[in-house]
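Before any comments, here is the structure.
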Amino acid sequence: LKQQDSKAVAERKLDCYFYSVLGQDLPFASHFDSLIEAKKWGFKVSADMEKCSSVESVLKYLDKWDKKRHDLNVETDGVVLKVNSYEQQKFLGFTAKSPRWAIAYKFKAARVSTILESISYQVGRTGAITPVANLKPVQLAGTTVKRASLHNADIIEKLDVRVGDTVFVEKGGEIIPKIISVDESKRSIDLFADSGQPTAYITHCPECDALLVRREGEANHYCPNESGCPPQVKGKMEHFVARRAMNIDSLGAETIGQLFDAGLIRNIADIYDLKKDDLLKIERMAEKSASNLLAGILASKQVPFERVLFAIGIRHIGETTAKKLAYYFKNIDSLKNANLEQLLEVGDIGERTAQTIIDYFADPVMNAMIEKLKKEGLQFELSEEQLTNTSEKLKDLSFVVSGVFTKFSRDEIKKMIEQNGGKNSGSISGKTSYVLAGENMGPEKLKKAEKLGVKIISEDDFIKMIAD
Ligand SMILES: [Zn+2]
């Protein structure tokens with residue numbers, strides 16, 4: 001659905017059923033009536049919804065569909081029960097999390113037993129280790145199951161699951177089945193083989209052999225070798241070229257994998273060394289796509305500093321934090337030389353994030369990479385334009401911008417707020433410092449601001465605030 005080209009999405013033949021009509025003062029008395037009407041309008045609604053007038057008829061419905069659901073042309077794991085009358089729905093209202101007039105009924109998940117043949121370990125793009133159970137293939141809910149997730153070391157210990165065990169596997173709403181329990185009565189211990197021995201969790205990374213670490217409060221083990229562990233390096237490259245980072249969109253995950261495996265790129269900076277001849281060695285890479293790719297790489301040298309900072313992949317640094325850091329420190333060297341105290345002065349940066357920044361710049365591999373990227377001409381400081389338009393005048397202030405303005409567009413005003421250290425928010429709350437009101441501001445917003453005692457200012461007031 002995230003494709004830029006909506007035609008590509010259309011080709012995927014996605015479909016949906018509508019299950020609710022939303023609106024104020026709807027001309028229906030009940031949920032059922034609203035869906036019948038929606039169907040008349042041409043929306044797809046489930047043909048199998050039913051109005052039940054007693055608990056008995058609800059139970060009968062559930063019973064019927066527990067069997068019949070396997071004949072539907074979509075997968076389903078349950079039924080939603082709703083109070084039909086809108087008036088009664090209104091009377092029942094909501095809890096903090098959900099309506100009191102609707103509840104989901106889940107069918108019992110399908111379950112089978114099989115043999116655990118081995119446990120393997122996968123390394124994710126963030127370095128997280130996931131243990132995977134390799135099972136003797138077994139039929140479950142219409143598919144052949146060969147693997148199941150074991151999540152982490154705690155789960156393995158809790159289940160006391162061992163290679164050779166007979167295990168119960170369940171498939172609920174998730175795509176990947178899971179091991180529910182072990183049939184210990186069927187366990188046979190073979191002292192001369194792995195079979196039946198307690199599972200010893202791996203201590204070293206299966207991809208790069210680094211000693212694994214487990215951070216406080218986290219369930220997964222991690223491979224700490226961020227700059228040398230293949231899946232992590234590939235993950236960093238994919239992040240680096242992403243649209244919201246360096247936007248080298250012709251360099252997809254598959255090509256990155258091929259270039260990495262061919263030894264042509266070992267880290268982010270190597271991307272800028274790529275030559276056309278290198279690219280043409282890659283399978284299915286045509287002359288034209290190679291040229292496009294090189295053009296994309298060249299264009300990325302103009303990507304502004306805050307996005308470069310996001311792209312280099314410092315742990316915990318998302319787009320927003322990268323932007324804040326960029327505007328606060330203005331260039332990579334001041335950021336690199338900042339100590340813990342200075343980092344904590346930046347809004348929203350906690351101790352954990354500050355420490356990751358310090359650790360990142362203490363790593364000689366990362367420093368060498370940044371130096372190389374600098375030489376390639378990437379933007380490691382704010383541009384002249386960005387520098388002249390910024391201040392901290394609106395630091396710690398939160399604005400809601402509403403209505404139509406005469407001197408600037410709404411987006412320009414929002415940008416000015418950010419450039420001066422302020423925050424934009426979509427809705428008025430007790431935390432709002434100012435409502436910046438243009439013409440035709442909604443009466444509801446006005447009422448809310450007055451009720452909460454939030455100051456309402458005009459466009460001219462705002463211009464004075466930042467011009468001072
Ligand atoms: Zn590793």
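Starting from 1 in every chain, residues are counted up; chains themselves are A, B, ... following the order of the structure tokens, and ligands are numbered from 1 as listed.
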
From the DSSP assignment of the backbone, select every residue of segment 296-360 of chain A that is helix (DSSP H, G or I), and format the answer as a VMD selection string.
chain A and resid 296 to 302 305 to 311 319 to 329 332 to 337 340 to 344 351 to 360

Around ligand 1, out to 6 Å and counting only C-alpha atoms and all ligand atoms, which residues are there? I want them as a ChimeraX atom specification.
/A:205,207-208,210,223,225,229

Write out as a ChimeraX atom specification the residues lying within 8 Å of Thr130 of chain A, counting only C-alpha atoms and excluding same-chain residues fewer than 5 positions away.
/A:121-124,149-152,220

Export, as an mmCIF file, in the first residue's frame, the selected residues with C-alpha atoms.
```cif
data_model
loop_
_atom_site.group_PDB
_atom_site.id
_atom_site.type_symbol
_atom_site.label_atom_id
_atom_site.label_comp_id
_atom_site.auth_asym_id
_atom_site.auth_seq_id
_atom_site.Cartn_x
_atom_site.Cartn_y
_atom_site.Cartn_z
ATOM 1 C CA TYR A 121 19.507 -18.920 15.358
ATOM 2 C CA GLN A 122 18.795 -15.966 13.085
ATOM 3 C CA VAL A 123 20.433 -12.559 13.262
ATOM 4 C CA GLY A 124 18.127 -9.657 12.449
ATOM 5 C CA SER A 149 9.462 -19.262 16.528
ATOM 6 C CA LEU A 150 11.038 -19.763 19.941
ATOM 7 C CA HIS A 151 11.286 -15.991 20.603
ATOM 8 C CA ASN A 152 14.198 -15.811 23.079
ATOM 9 C CA ASN A 220 16.657 -10.853 23.173
#
```

Show me, as a PyMOL selection string, the residues that have an atom within 9 Å of Ile466 of chain A when counting only C-alpha atoms, minus same-chain residues fewer than 6 positions from it.
chain A and resi 391+393-394+416-417+420

Those same residues, written as a CSV table (one decimal), in the first residue's frame with all heavy atoms?
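Contents of the output file selection.csv:
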```csv
chain,number,residue,atom,x,y,z
A,391,SER,N,16.5,29.7,15.2
A,391,SER,CA,16.8,30.2,16.5
A,391,SER,C,16.2,29.3,17.6
A,391,SER,O,15.5,28.3,17.2
A,391,SER,CB,16.2,31.6,16.7
A,391,SER,OG,14.8,31.5,17.0
A,393,LYS,N,14.2,30.7,19.9
A,393,LYS,CA,13.3,31.6,20.6
A,393,LYS,C,12.0,30.9,21.0
A,393,LYS,O,11.4,31.4,22.0
A,393,LYS,CB,12.9,32.7,19.6
A,393,LYS,CG,13.9,33.8,19.5
A,393,LYS,CD,13.6,34.8,18.5
A,393,LYS,CE,14.8,35.7,18.2
A,393,LYS,NZ,14.8,36.3,16.9
A,394,LEU,N,11.6,29.9,20.4
A,394,LEU,CA,10.3,29.3,20.7
A,394,LEU,C,10.6,28.0,21.5
A,394,LEU,O,9.7,27.1,21.5
A,394,LEU,CB,9.5,29.0,19.5
A,394,LEU,CG,9.2,30.2,18.6
A,394,LEU,CD1,8.4,29.9,17.4
A,394,LEU,CD2,8.5,31.4,19.4
A,416,MET,N,8.4,27.7,10.3
A,416,MET,CA,9.0,28.8,11.0
A,416,MET,C,9.0,28.4,12.5
A,416,MET,O,10.0,28.7,13.3
A,416,MET,CB,8.3,30.1,10.8
A,416,MET,CG,8.7,30.8,9.5
A,416,MET,SD,7.4,31.8,8.8
A,416,MET,CE,7.3,33.2,9.9
A,417,ILE,N,7.9,27.8,13.0
A,417,ILE,CA,7.8,27.4,14.4
A,417,ILE,C,9.0,26.4,14.7
A,417,ILE,O,9.7,26.5,15.7
A,417,ILE,CB,6.5,26.8,14.7
A,417,ILE,CG1,5.4,27.9,14.7
A,417,ILE,CG2,6.5,26.1,16.0
A,417,ILE,CD1,4.0,27.4,14.8
A,420,ASN,N,12.5,27.8,14.7
A,420,ASN,CA,12.8,28.6,15.9
A,420,ASN,C,12.7,27.8,17.2
A,420,ASN,O,12.5,28.3,18.3
A,420,ASN,CB,11.9,29.8,15.9
A,420,ASN,CG,12.3,30.8,14.9
A,420,ASN,OD1,13.3,31.5,15.0
A,420,ASN,ND2,11.6,30.8,13.8
```

Given only C-alpha atoms as the basis, pick out the residue of A:Phe399, A:Phe408, A:Tyr222, A:Tyr328 nearest to Gln386 of chain A.
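The closest residue to Gln386 of chain A is A:Tyr328.
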
Of the candidates A:Val167, A:Ala269, A:Ala338, A:Val365, which one gets nearest to Gly228 of chain A if we count only C-alpha atoms?
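Smallest distance to Gly228 of chain A is found for A:Val365.
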
Can you measure atom CA of Phe91 of chain A to atom CA of Lys448 of chain A for me? One decimal in Å is fine.
25.1 Å
